[in-house]
file coords_25.txt (compact mmCIF, C-alpha atoms)
# COMPACT_ATOMS: atom_id res chain seq x y z
CA TYR A 1 -8.73 -6.76 8.72
CA ASP A 2 -12.17 -7.77 9.99
CA MET A 3 -10.92 -11.37 9.89
CA GLY A 4 -7.97 -10.43 12.11
CA CYS A 5 -5.45 -10.78 9.28
CA ILE A 6 -2.80 -8.48 7.81
CA ASN A 7 -3.05 -6.63 4.49
CA THR A 8 -0.14 -5.84 2.20
CA ILE A 9 -0.28 -3.83 -1.02
CA SER A 10 2.40 -3.83 -3.69
CA TRP A 11 2.28 -0.75 -5.94
CA HIS A 12 3.18 -1.67 -9.51
CA CYS A 13 3.01 1.97 -10.47
CA ASN A 14 2.54 3.06 -14.09
CA ASN A 15 5.14 5.32 -15.65
CA PRO A 16 4.13 8.96 -15.03
CA VAL A 17 6.32 10.17 -17.90
CA PHE A 18 5.76 7.56 -20.62
CA GLY A 19 2.46 6.08 -19.46
CA THR A 20 3.61 2.47 -19.32
CA GLY A 21 6.82 0.50 -19.45
CA ILE A 22 10.35 1.32 -18.38
CA GLY A 23 10.76 4.36 -20.59
CA ASP A 24 14.22 5.59 -21.52
CA GLY A 25 15.79 5.60 -18.07
CA THR A 26 14.94 9.22 -17.30
CA THR A 27 11.57 8.85 -15.55
CA VAL A 28 12.75 9.29 -11.95
CA ALA A 29 15.04 12.18 -12.84
CA LYS A 30 12.16 13.91 -14.68
CA ILE A 31 9.86 13.46 -11.69
CA LEU A 32 12.43 14.91 -9.34
CA ASP A 33 13.53 17.92 -11.38
CA GLY A 34 10.06 19.50 -11.07
CA VAL A 35 10.32 21.01 -14.55
CA SER A 36 10.09 18.23 -17.14
CA LYS A 37 6.73 17.52 -18.74
CA PRO A 38 5.52 14.48 -20.69
CA VAL A 39 5.15 15.05 -24.41
CA GLY A 40 1.89 16.88 -25.07
CA SER A 41 1.26 17.75 -21.42
CA ASN A 42 1.14 21.12 -19.70
CA ILE A 43 1.66 19.51 -16.31
CA THR A 44 5.07 18.55 -14.95
CA CYS A 45 5.97 14.93 -14.30
CA LYS A 46 6.29 15.75 -10.62
CA GLU A 47 2.79 17.23 -10.50
CA ILE A 48 1.40 14.16 -12.24
CA PHE A 49 3.17 11.85 -9.81
CA LYS A 50 1.97 13.82 -6.80
CA SER A 51 -1.60 13.67 -8.12
CA TRP A 52 -1.25 9.88 -8.17
CA LEU A 53 -0.01 10.00 -4.58
CA ASN A 54 -3.07 12.06 -3.67
CA THR A 55 -5.30 9.36 -5.16
CA LEU A 56 -3.39 6.70 -3.23
CA ALA A 57 -3.76 8.71 -0.03
CA GLN A 58 -7.50 9.02 -0.51
CA PHE A 59 -7.71 5.26 -0.94
CA PHE A 60 -5.66 4.53 2.19
CA ASN A 61 -7.50 7.12 4.26
CA ASP A 62 -10.81 5.57 3.23
CA LEU A 63 -9.80 2.07 4.34
CA LYS A 64 -11.84 1.39 7.47
CA GLY A 65 -13.01 -1.78 9.13
CA THR A 66 -16.48 -2.48 10.44
CA ASP A 67 -15.23 -1.04 13.73
CA GLY A 68 -14.80 2.33 12.02
CA LYS A 69 -11.04 2.35 12.54
CA LEU A 70 -8.41 2.84 9.84
CA ILE A 71 -7.08 -0.44 8.47
CA PRO A 72 -3.28 -0.80 8.87
CA VAL A 73 -1.56 -1.80 5.61
CA ILE A 74 1.96 -2.86 4.65
CA PHE A 75 2.71 -0.67 1.63
CA ARG A 76 5.43 -1.87 -0.75
CA PRO A 77 6.25 0.65 -3.50
CA PHE A 78 9.18 0.60 -5.95
CA HIS A 79 9.97 -3.03 -5.16
CA GLU A 80 12.95 -5.10 -6.34
CA CYS A 81 15.03 -1.97 -6.69
CA SER A 82 18.24 -3.77 -7.65
CA LEU A 83 16.72 -5.47 -10.71
CA LYS A 84 17.68 -4.24 -14.16
CA ASN A 85 15.49 -3.55 -17.19
CA CYS A 86 12.24 -4.35 -15.43
CA PHE A 87 10.85 -1.19 -13.80
CA TRP A 88 11.21 2.55 -14.31
CA TRP A 89 12.66 2.81 -10.79
CA ASP A 90 15.14 -0.10 -10.95
CA ALA A 91 18.94 -0.11 -11.06
CA SER A 92 19.08 0.32 -14.83
CA ALA A 93 16.65 3.26 -14.82
CA CYS A 94 17.79 5.55 -12.00
CA THR A 95 20.76 6.26 -9.78
CA PRO A 96 20.79 5.19 -6.14
CA THR A 97 20.56 8.84 -5.10
CA ASP A 98 17.49 9.44 -7.24
CA TYR A 99 15.85 6.22 -6.04
CA ILE A 100 16.22 7.39 -2.45
CA LYS A 101 14.83 10.82 -3.31
CA LEU A 102 11.82 9.21 -5.04
CA TRP A 103 11.18 6.99 -2.02
CA ARG A 104 11.45 9.86 0.44
CA LEU A 105 9.23 12.07 -1.73
CA THR A 106 6.58 9.35 -1.71
CA VAL A 107 6.66 8.72 2.03
CA THR A 108 6.84 12.42 2.93
CA HIS A 109 3.96 13.35 0.64
CA LEU A 110 1.71 10.57 1.90
CA LYS A 111 2.50 11.27 5.56
CA ASP A 112 2.98 15.02 5.80
CA VAL A 113 0.89 16.38 2.95
CA CYS A 114 -1.94 13.85 2.83
CA GLY A 115 -1.97 12.78 6.48
CA VAL A 116 -1.79 9.03 5.84
CA ARG A 117 -1.06 7.34 9.16
CA ASN A 118 -2.03 3.69 8.63
CA LEU A 119 0.92 2.44 6.59
CA LEU A 120 4.06 0.45 7.28
CA TYR A 121 6.55 1.03 4.46
CA ALA A 122 8.33 -2.04 3.04
CA PHE A 123 11.63 -1.65 1.18
CA CYS A 124 12.19 -4.65 -1.05
CA LEU A 125 15.32 -6.20 -2.51
CA ASN A 126 15.43 -8.95 -5.12
CA ASP A 127 17.43 -12.13 -5.45
CA GLY A 128 21.09 -11.50 -6.15
CA PHE A 129 21.31 -8.10 -4.52
CA THR A 130 24.78 -6.97 -3.52
CA ASN A 131 25.72 -5.31 -0.26
CA ASN A 132 26.53 -2.17 -2.24
CA GLU A 133 23.08 -2.15 -3.87
CA PHE A 134 21.48 -2.61 -0.47
CA SER A 135 23.44 0.14 1.24
CA THR A 136 23.32 2.70 -1.58
CA ARG A 137 19.58 2.36 -2.31
CA TYR A 138 18.32 2.02 1.25
CA PRO A 139 16.16 5.13 1.88
CA ASP A 140 17.20 5.48 5.56
CA ASN A 141 15.70 4.20 8.80
CA GLY A 142 13.29 7.10 9.12
CA PHE A 143 11.53 6.10 5.88
CA VAL A 144 11.36 2.29 6.16
CA ASP A 145 9.61 -0.10 8.56
CA ILE A 146 10.02 -3.49 6.85
CA ILE A 147 12.85 -4.88 4.73
CA GLY A 148 11.89 -7.68 2.41
CA LEU A 149 13.38 -10.10 -0.10
CA ASP A 150 11.71 -11.25 -3.31
CA TYR A 151 13.12 -14.58 -4.43
CA TYR A 152 11.58 -17.23 -6.69
CA GLN A 153 12.74 -20.70 -7.60
CA ARG A 154 12.91 -20.24 -11.34
CA PRO A 155 13.14 -22.97 -14.02
CA GLY A 156 16.54 -24.63 -13.94
CA THR A 157 17.27 -23.69 -10.32
CA SER A 158 17.68 -26.71 -8.07
CA ALA A 159 16.09 -26.92 -4.63
CA ALA A 160 19.55 -27.03 -3.02
CA VAL A 161 20.68 -23.82 -4.73
CA TYR A 162 17.41 -22.04 -3.94
CA ILE A 163 17.54 -23.01 -0.26
CA SER A 164 21.20 -22.02 0.06
CA LYS A 165 20.76 -18.63 -1.62
CA MET A 166 17.60 -17.86 0.34
CA LYS A 167 19.38 -18.54 3.62
CA SER A 168 22.43 -16.50 2.68
CA GLN A 169 20.39 -13.46 1.62
CA LEU A 170 18.09 -13.70 4.64
CA ASN A 171 21.14 -13.75 6.90
CA THR A 172 22.14 -10.35 5.50
CA ILE A 173 18.65 -8.87 5.77
CA VAL A 174 17.84 -10.23 9.23
CA SER A 175 21.20 -9.08 10.57
CA PHE A 176 20.61 -5.55 9.22
CA CYS A 177 17.08 -5.49 10.64
CA THR A 178 18.29 -6.60 14.06
CA ARG A 179 20.87 -3.79 14.15
CA ASN A 180 18.43 -1.16 12.88
CA ASN A 181 15.21 -2.19 14.62
CA LYS A 182 13.42 -3.10 11.37
CA ILE A 183 11.11 -5.98 10.49
CA PRO A 184 12.47 -8.66 8.10
CA ALA A 185 10.19 -10.49 5.68
CA VAL A 186 10.10 -12.51 2.48
CA THR A 187 7.86 -10.20 0.50
CA GLU A 188 7.52 -12.46 -2.55
CA LEU A 189 8.43 -16.07 -3.18
CA GLY A 190 7.27 -19.12 -5.02
CA CYS A 191 8.26 -21.79 -7.49
CA ASP A 192 7.23 -21.34 -11.11
CA ASN A 193 4.33 -23.74 -11.71
CA LEU A 194 5.72 -25.85 -8.85
CA ARG A 195 8.20 -27.65 -11.11
CA ASP A 196 11.73 -28.73 -10.20
CA SER A 197 14.91 -27.92 -12.10
CA SER A 198 14.24 -30.78 -14.52
CA GLY A 199 10.71 -29.61 -15.24
CA ASN A 200 9.00 -32.30 -13.21
CA THR A 201 6.04 -31.41 -11.02
CA TYR A 202 6.91 -31.21 -7.33
CA THR A 203 4.98 -33.28 -4.83
CA LYS A 204 6.70 -31.91 -1.71
CA TRP A 205 7.86 -28.38 -2.48
CA PHE A 206 6.30 -26.79 0.60
CA THR A 207 7.90 -29.03 3.23
CA GLN A 208 11.14 -29.84 1.43
CA VAL A 209 11.97 -26.47 -0.15
CA PHE A 210 9.84 -23.59 1.21
CA GLN A 211 10.07 -24.72 4.83
CA LYS A 212 13.74 -25.67 4.69
CA ALA A 213 14.65 -22.33 3.06
CA LEU A 214 13.08 -20.35 5.91
CA GLU A 215 13.95 -22.54 8.89
CA GLY A 216 16.19 -20.80 11.39
CA HIS A 217 15.35 -17.26 10.25
CA LYS A 218 13.26 -14.92 12.37
CA ILE A 219 11.09 -13.21 9.76
CA ALA A 220 7.65 -11.67 10.19
CA TYR A 221 5.99 -13.21 7.16
CA ALA A 222 6.52 -14.89 3.79
CA MET A 223 4.14 -14.13 0.93
CA LEU A 224 3.59 -16.47 -1.97
CA TRP A 225 2.90 -14.66 -5.21
CA ARG A 226 -0.58 -14.86 -6.69
CA ASN A 227 -2.20 -17.48 -8.87
CA PRO A 228 -3.76 -15.71 -11.88
CA LYS A 229 -7.46 -16.11 -12.49
CA GLY A 230 -8.24 -19.54 -13.87
CA THR A 231 -5.28 -21.34 -12.29
CA ALA A 232 -7.47 -22.81 -9.57
CA LEU A 233 -9.17 -24.74 -12.35
CA GLY A 234 -5.86 -26.37 -13.21
CA ASP A 235 -5.58 -24.80 -16.65
CA GLY A 236 -1.76 -24.91 -16.59
CA SER A 237 -1.11 -21.16 -16.57
CA GLU A 238 1.44 -19.40 -14.35
CA PHE A 239 0.95 -20.14 -10.66
CA TYR A 240 2.94 -20.25 -7.42
CA CYS A 241 0.71 -21.93 -4.84
CA CYS A 242 -1.02 -25.26 -5.16
CA TYR A 243 -4.71 -25.52 -5.90
CA PRO A 244 -7.18 -28.36 -5.23
CA THR A 245 -6.18 -31.52 -7.14
CA HIS A 246 -2.57 -30.33 -7.64
CA PRO A 247 0.03 -33.00 -6.68
CA THR A 248 1.44 -30.74 -3.92
CA GLN A 249 -1.90 -30.36 -2.16
CA ASP A 250 -1.22 -33.05 0.46
CA ASP A 251 2.24 -31.60 1.08
CA PHE A 252 0.74 -28.16 1.56
CA ASN A 253 -1.68 -29.59 4.12
CA THR A 254 1.31 -31.02 6.03
CA PHE A 255 3.13 -27.69 5.73
CA TYR A 256 0.05 -25.90 7.05
CA LYS A 257 0.29 -27.90 10.29
CA SER A 258 3.94 -27.03 10.91
CA PRO A 259 4.54 -25.15 14.18
CA LEU A 260 6.99 -22.89 12.31
CA PHE A 261 4.21 -21.03 10.50
CA ILE A 262 0.91 -19.44 11.38
CA PHE A 263 -1.96 -18.89 8.98
CA LYS A 264 -5.19 -16.90 9.03
CA ASN A 265 -6.92 -18.67 11.88
CA SER A 266 -3.86 -18.51 14.14
CA VAL A 267 -3.15 -14.87 13.29
CA ALA A 268 -6.72 -13.90 14.18
CA LYS A 269 -6.43 -15.60 17.57
CA ARG A 270 -3.34 -13.51 18.36
CA LEU A 271 -5.42 -10.32 18.18
CA VAL A 272 -2.68 -8.45 16.33
CA TYR A 273 -4.69 -5.21 16.26
CA LYS A 274 -5.37 -5.08 20.00
call {"tool": "encode", "arguments": {"input": "coords_25.txt", "output": "structure tokens"}}
result
Amino acid sequence: YDMGCINTISWHCNNPVFGTGIGDGTTVAKILDGVSKPVGSNITCKEIFKSWLNTLAQFFNDLKGTDGKLIPVIFRPFHECSLKNCFWWDASACTPTDYIKLWRLTVTHLKDVCGVRNLLYAFCLNDGFTNNEFSTRYPDNGFVDIIGLDYYQRPGTSAAVYISKMKSQLNTIVSFCTRNNKIPAVTELGCDNLRDSSGNTYTKWFTQVFQKALEGHKIAYAMLWRNPKGTALGDGSEFYCCYPTHPTQDDFNTFYKSPLFIFKNSVAKRLVYK
């Protein structure tokens, strides 16, 4: 914020019923019913979840810049809602109706109970979402500010397929956002270890895949997923952005200069908080 840039937080929330993991597909329902309690607890799942929201609210309300003002944040909870067997809130773990109720409970509690006023709420779909999944899990315009897509180029996926699918899915999201006055974004993307479909290391992924996939789409931002600690040393672990000495470094430098994208220095000059 003090640098003039934009902060986004993705909430990979623990399971308030089972502690960790997906559970048995009843977590959201048990939060919503207001009666169910985790094994060995005297507190309901809903009370536990709301206590977590209170902690979140305290964190957000404490976020202040050196100017003393609250720091605006893009908040992205319950992401990739149309995935299956990944999260306790995904399509295999709760009904569309319960997902919407969970989302609205979260937003309402943070806003109306805790007085959090510095968040933009990002609803996030994942690669392969259907129109039905989009429409039935969308929490409603009054509870969403940004609509994002998470889409990675996974091993075995060619550049051509990735570019084509990215464009097709962005067409759907951008069109919906235009009609509903929402902000479209690519909330997660990347290429696993920057290798092509044959397993060879890319040298021009940023200009020939990333850039081509997003060209022609009016989106607010695109966020590469993180490089775990140690990747910058070139230790070969999971990563999604190049690091010094990686073969794509020169290509990234070319990509950085493209007029289609703006980075930290350019964002700061636009005085987005004024």
call {"tool": "residues_around", "arguments": {"input": "coords_25.txt", "residues": "Thr66 of chain A", "least_positions_apart": "2", "cutoff": "7 Å", "atoms": "all atoms listed in the file", "output": "list in words"}}
result
Asp2, Lys64 and Gly68 of chain A
call {"tool": "closest_residue", "arguments": {"input": "coords_25.txt", "among": "A:Leu120, A:Val144, A:Leu32, A:Ile74", "to": "Leu105 of chain A", "atoms": "all atoms listed in the file"}}
result
A:Leu32
call {"tool": "atom_distance", "arguments": {"input": "coords_25.txt", "atom1": "atom CA of Gln153 of chain A", "atom2": "atom CA of Met223 of chain A"}}
result
13.8 Å
call {"tool": "closest_residue", "arguments": {"input": "coords_25.txt", "among": "A:Leu260, A:Ala213, A:Leu194, A:Ala57", "to": "Met166 of chain A", "atoms": "only C-alpha atoms"}}
result
A:Ala213
call {"tool": "closest_atom_pairs", "arguments": {"input": "coords_25.txt", "of": "segment 133-178 of chain A", "to": "segment 8-24 of chain A", "cutoff": "12 Å", "atoms": "only C-alpha atoms", "output": "CSV"}}
result
residue,atom,partner,partner_atom,distance
A:Ile146,CA,A:Thr8,CA,11.4
A:Gly148,CA,A:Ser10,CA,11.9
A:Asp150,CA,A:Ser10,CA,11.9
call {"tool": "residues_around", "arguments": {"input": "coords_25.txt", "residues": "Ser198 of chain A", "least_positions_apart": "3", "cutoff": "9 Å", "atoms": "all atoms listed in the file", "output": "short mmCIF file (atom, residue, chain, number, x, y, z; two decimals) with C-alpha atoms, in the frame of the given file"}}
result
data_model
loop_
_atom_site.label_atom_id
_atom_site.label_comp_id
_atom_site.auth_asym_id
_atom_site.auth_seq_id
_atom_site.Cartn_x
_atom_site.Cartn_y
_atom_site.Cartn_z
CA PRO A 155 13.14 -22.97 -14.02
CA GLY A 156 16.54 -24.63 -13.94
CA THR A 157 17.27 -23.69 -10.32
CA SER A 158 17.68 -26.71 -8.07
CA ARG A 195 8.20 -27.65 -11.11
CA THR A 201 6.04 -31.41 -11.02
#
call {"tool": "closest_residue", "arguments": {"input": "coords_25.txt", "among": "A:Glu133, A:Asp140, A:Glu80, A:Asp67", "to": "Val107 of chain A", "atoms": "only C-alpha atoms"}}
result
A:Asp140
call {"tool": "build_atoms", "arguments": {"input": "coords_25.txt", "residues": "segment 145-156 of chain A", "atoms": "all heavy atoms", "output": "mmCIF file, in the coordinates of the input"}}
result
data_model
loop_
_atom_site.group_PDB
_atom_site.id
_atom_site.type_symbol
_atom_site.label_atom_id
_atom_site.label_comp_id
_atom_site.auth_asym_id
_atom_site.auth_seq_id
_atom_site.Cartn_x
_atom_site.Cartn_y
_atom_site.Cartn_z
ATOM 1 N N ASP A 145 10.006 0.703 7.391
ATOM 2 C CA ASP A 145 9.610 -0.100 8.560
ATOM 3 C C ASP A 145 9.961 -1.572 8.382
ATOM 4 O O ASP A 145 10.323 -2.248 9.340
ATOM 5 C CB ASP A 145 8.092 0.015 8.782
ATOM 6 C CG ASP A 145 7.650 1.442 8.997
ATOM 7 O OD1 ASP A 145 8.029 2.020 10.030
ATOM 8 O OD2 ASP A 145 6.947 1.992 8.120
ATOM 9 N N ILE A 146 9.830 -2.067 7.155
ATOM 10 C CA ILE A 146 10.020 -3.490 6.850
ATOM 11 C C ILE A 146 11.038 -3.609 5.721
ATOM 12 O O ILE A 146 11.035 -2.802 4.783
ATOM 13 C CB ILE A 146 8.690 -4.134 6.427
ATOM 14 C CG1 ILE A 146 7.694 -4.119 7.586
ATOM 15 C CG2 ILE A 146 8.889 -5.561 5.915
ATOM 16 C CD1 ILE A 146 6.270 -4.472 7.190
ATOM 17 N N ILE A 147 11.910 -4.599 5.811
ATOM 18 C CA ILE A 147 12.850 -4.880 4.730
ATOM 19 C C ILE A 147 12.589 -6.291 4.240
ATOM 20 O O ILE A 147 12.633 -7.253 5.006
ATOM 21 C CB ILE A 147 14.305 -4.725 5.185
ATOM 22 C CG1 ILE A 147 14.542 -3.296 5.680
ATOM 23 C CG2 ILE A 147 15.262 -5.065 4.043
ATOM 24 C CD1 ILE A 147 15.918 -3.057 6.241
ATOM 25 N N GLY A 148 12.281 -6.390 2.948
ATOM 26 C CA GLY A 148 11.890 -7.680 2.410
ATOM 27 C C GLY A 148 12.789 -8.154 1.285
ATOM 28 O O GLY A 148 13.537 -7.382 0.672
ATOM 29 N N LEU A 149 12.685 -9.454 1.014
ATOM 30 C CA LEU A 149 13.380 -10.100 -0.100
ATOM 31 C C LEU A 149 12.356 -10.750 -1.011
ATOM 32 O O LEU A 149 11.448 -11.438 -0.539
ATOM 33 C CB LEU A 149 14.350 -11.167 0.432
ATOM 34 C CG LEU A 149 14.993 -12.086 -0.619
ATOM 35 C CD1 LEU A 149 15.958 -11.301 -1.509
ATOM 36 C CD2 LEU A 149 15.721 -13.254 0.049
ATOM 37 N N ASP A 150 12.495 -10.523 -2.306
ATOM 38 C CA ASP A 150 11.710 -11.250 -3.310
ATOM 39 C C ASP A 150 12.626 -12.273 -3.961
ATOM 40 O O ASP A 150 13.652 -11.907 -4.559
ATOM 41 C CB ASP A 150 11.188 -10.301 -4.390
ATOM 42 C CG ASP A 150 10.065 -9.403 -3.904
ATOM 43 O OD1 ASP A 150 9.785 -9.407 -2.696
ATOM 44 O OD2 ASP A 150 9.480 -8.696 -4.742
ATOM 45 N N TYR A 151 12.256 -13.542 -3.868
ATOM 46 C CA TYR A 151 13.120 -14.580 -4.430
ATOM 47 C C TYR A 151 12.270 -15.782 -4.839
ATOM 48 O O TYR A 151 11.587 -16.385 -4.022
ATOM 49 C CB TYR A 151 14.189 -14.989 -3.416
ATOM 50 C CG TYR A 151 15.190 -16.008 -3.931
ATOM 51 C CD1 TYR A 151 15.460 -16.159 -5.283
ATOM 52 C CD2 TYR A 151 15.887 -16.837 -3.048
ATOM 53 C CE1 TYR A 151 16.372 -17.081 -5.750
ATOM 54 C CE2 TYR A 151 16.810 -17.763 -3.499
ATOM 55 C CZ TYR A 151 17.042 -17.877 -4.857
ATOM 56 O OH TYR A 151 17.946 -18.802 -5.315
ATOM 57 N N TYR A 152 12.335 -16.118 -6.126
ATOM 58 C CA TYR A 152 11.580 -17.230 -6.690
ATOM 59 C C TYR A 152 12.517 -18.369 -7.101
ATOM 60 O O TYR A 152 13.652 -18.119 -7.519
ATOM 61 C CB TYR A 152 10.805 -16.790 -7.928
ATOM 62 C CG TYR A 152 9.698 -15.810 -7.647
ATOM 63 C CD1 TYR A 152 9.953 -14.441 -7.598
ATOM 64 C CD2 TYR A 152 8.397 -16.250 -7.442
ATOM 65 C CE1 TYR A 152 8.939 -13.532 -7.345
ATOM 66 C CE2 TYR A 152 7.372 -15.354 -7.191
ATOM 67 C CZ TYR A 152 7.646 -13.996 -7.146
ATOM 68 O OH TYR A 152 6.638 -13.103 -6.889
ATOM 69 N N GLN A 153 12.027 -19.574 -7.027
ATOM 70 C CA GLN A 153 12.740 -20.700 -7.600
ATOM 71 C C GLN A 153 12.336 -20.788 -9.066
ATOM 72 O O GLN A 153 11.255 -21.270 -9.408
ATOM 73 C CB GLN A 153 12.424 -22.013 -6.879
ATOM 74 C CG GLN A 153 13.276 -23.176 -7.395
ATOM 75 C CD GLN A 153 12.966 -24.484 -6.696
ATOM 76 O OE1 GLN A 153 12.205 -24.527 -5.734
ATOM 77 N NE2 GLN A 153 13.547 -25.567 -7.175
ATOM 78 N N ARG A 154 13.210 -20.300 -9.926
ATOM 79 C CA ARG A 154 12.910 -20.240 -11.340
ATOM 80 C C ARG A 154 13.294 -21.545 -12.053
ATOM 81 O O ARG A 154 14.051 -22.357 -11.511
ATOM 82 C CB ARG A 154 13.670 -19.069 -11.978
ATOM 83 C CG ARG A 154 13.306 -17.698 -11.430
ATOM 84 C CD ARG A 154 11.832 -17.367 -11.633
ATOM 85 N NE ARG A 154 11.537 -15.967 -11.324
ATOM 86 C CZ ARG A 154 10.316 -15.454 -11.268
ATOM 87 N NH1 ARG A 154 9.267 -16.230 -11.512
ATOM 88 N NH2 ARG A 154 10.139 -14.176 -10.977
ATOM 89 N N PRO A 155 12.796 -21.760 -13.270
ATOM 90 C CA PRO A 155 13.140 -22.970 -14.020
ATOM 91 C C PRO A 155 14.649 -23.138 -14.142
ATOM 92 O O PRO A 155 15.371 -22.188 -14.442
ATOM 93 C CB PRO A 155 12.492 -22.726 -15.389
ATOM 94 C CG PRO A 155 11.326 -21.839 -15.088
ATOM 95 C CD PRO A 155 11.798 -20.933 -13.990
ATOM 96 N N GLY A 156 15.118 -24.338 -13.872
ATOM 97 C CA GLY A 156 16.540 -24.630 -13.940
ATOM 98 C C GLY A 156 17.288 -24.450 -12.637
ATOM 99 O O GLY A 156 18.459 -24.848 -12.523
#
